Amino acid sequence: MPASDFMLRFHLAERLAHWLYALFFLGAFLSGVLMWAPATREWMGGAREAVSRYHAFVGLAMVLLPLLLMLVMDRRRLRENLREVDWWTGEDGRWLVLALRGYLLRGRPMPPQGRFNAGQKLNVVLVAAMAVGFATTGGILMHKASFPAWLVTRALWLHGFLAVLAFTLFLGHLAHVFLTRHGRHYLNGMVTGHVPEWLARERHQRWWEQCRGKEAGEEPMQGPEV
């Protein structure tokens with residue numbers, strides 16, 4: 001397919017932030033599982049304290065480094081992404097309903113979407129909320145001597161619940177990439193930055209129309225700038 005049939009969807013800073021978050025997430029999850037599982041917890045013995053500190057530093061890096069990278073490398077793109085994620089329409093609601101009914105997995109037509117579809121917007125919101133939750137509960141657990149026992153117990157439970165939820169989202173992410181017709185193109189977009197134009201037209205129609213309208217010198221559509 002010629003280069004003109006591809007569209008730039010993700011800038012370099014976005015791609016680096018995505019893979020950086022994924023790398024630190026896996027490190028934090030694996031170290032957390034090692035401390036949680038009885039067999040590995042007993043096997044670590046005195047090294048558990050060092051693993052706990054490693055887990056905390058990796059978790060902090062997971063939350064902060066991708067954001068700092070975007071702020072340093074492409075602050076304008078970060079603002080655009082935040083506006084895009086914050087802009088919800090009736091079509092986004094319809095997209096979510098149809099996705100839950102299996103339309104997306106069966107390759108059925110979906111409501112027109114922007115550069116981020118409603119599922120991707122919801123994923124960003126959940127990841128951001130979980131990052132705040134991880135940072136808050138992790139901070140309590142790292143300084144548990146300074147907090148009452150009931151708060152530490154609840155923080156530990158919530159931290160574990162967030163880890164299960166985050167890993168479930170991660171598995172759903174992988175399932176979409178490897179089990180859907182469009183998945184490998186989305187993965188390639190997060191590696192090279194580009195997606196096929198047919199994919200943009202089929203699954204992100206509003207974004208595709210907006211980009212083509214800018215190229216033709218037309219008035220931009222109402223909504224967040226992309």
# chains A, B, ... in the order shown; residues from 1 in each chain; ligands from 1
call {"tool": "select_by_dssp", "arguments": {"residues": "range 41-181 of chain A", "states": "helix (DSSP H, G or I)", "output": "ChimeraX atom specification"}}
result
/A:41-73,75-86,90-100,118-142,144-146,149-179
call {"tool": "residues_around", "arguments": {"residues": "Phe134 in chain A", "least_positions_apart": "4", "cutoff": "8 Å", "atoms": "only C-alpha atoms", "output": "VMD selection string"}}
result
chain A and resid 59 130 138 159 162
call {"tool": "atom_distance", "arguments": {"atom1": "CA of Leu141 in chain A", "atom2": "CA of Leu122 in chain A"}}
result
28.0 Å
call {"tool": "residues_around", "arguments": {"residues": "range 168-184 of chain A", "least_positions_apart": "5", "cutoff": "10 Å", "atoms": "only C-alpha atoms", "output": "count of residues only"}}
result
18
call {"tool": "residues_around", "arguments": {"residues": "His143 in chain A", "least_positions_apart": "5", "cutoff": "12 Å", "atoms": "only C-alpha atoms", "output": "MDAnalysis selection string"}}
result
chainID A and resid 52:53 56 136:138 148:149 151:152 155
call {"tool": "closest_residue", "arguments": {"among": "A:Val97, A:Leu165, A:Met62, A:Leu78", "to": "Ala135 in chain A", "atoms": "only C-alpha atoms"}}
result
A:Met62
call {"tool": "atom_distance", "arguments": {"atom1": "CA of Ala118 in chain A", "atom2": "CA of Arg94 in chain A"}}
result
9.0 Å
call {"tool": "closest_residue", "arguments": {"among": "A:Gln113, A:Val124, A:Trp19, A:Trp43", "to": "Trp207 in chain A", "atoms": "only C-alpha atoms"}}
result
A:Gln113
call {"tool": "closest_residue", "arguments": {"among": "A:Ala129, A:Pro111, A:Met35, A:Tyr186", "to": "His55 in chain A", "atoms": "only C-alpha atoms"}}
result
A:Met35
call {"tool": "residues_around", "arguments": {"residues": "range 70-75 of chain A", "least_positions_apart": "5", "cutoff": "7 Å", "atoms": "only C-alpha atoms", "output": "list in words"}}
result
Ala13, Glu14 and Ala17 of chain A
call {"tool": "atom_distance", "arguments": {"atom1": "CA of Glu209 in chain A", "atom2": "CA of Met7 in chain A"}}
result
12.0 Å
call {"tool": "closest_residue", "arguments": {"among": "A:Phe10, A:Arg115, A:Arg154, A:Val33", "to": "Arg83 in chain A", "atoms": "only C-alpha atoms"}}
result
A:Arg115
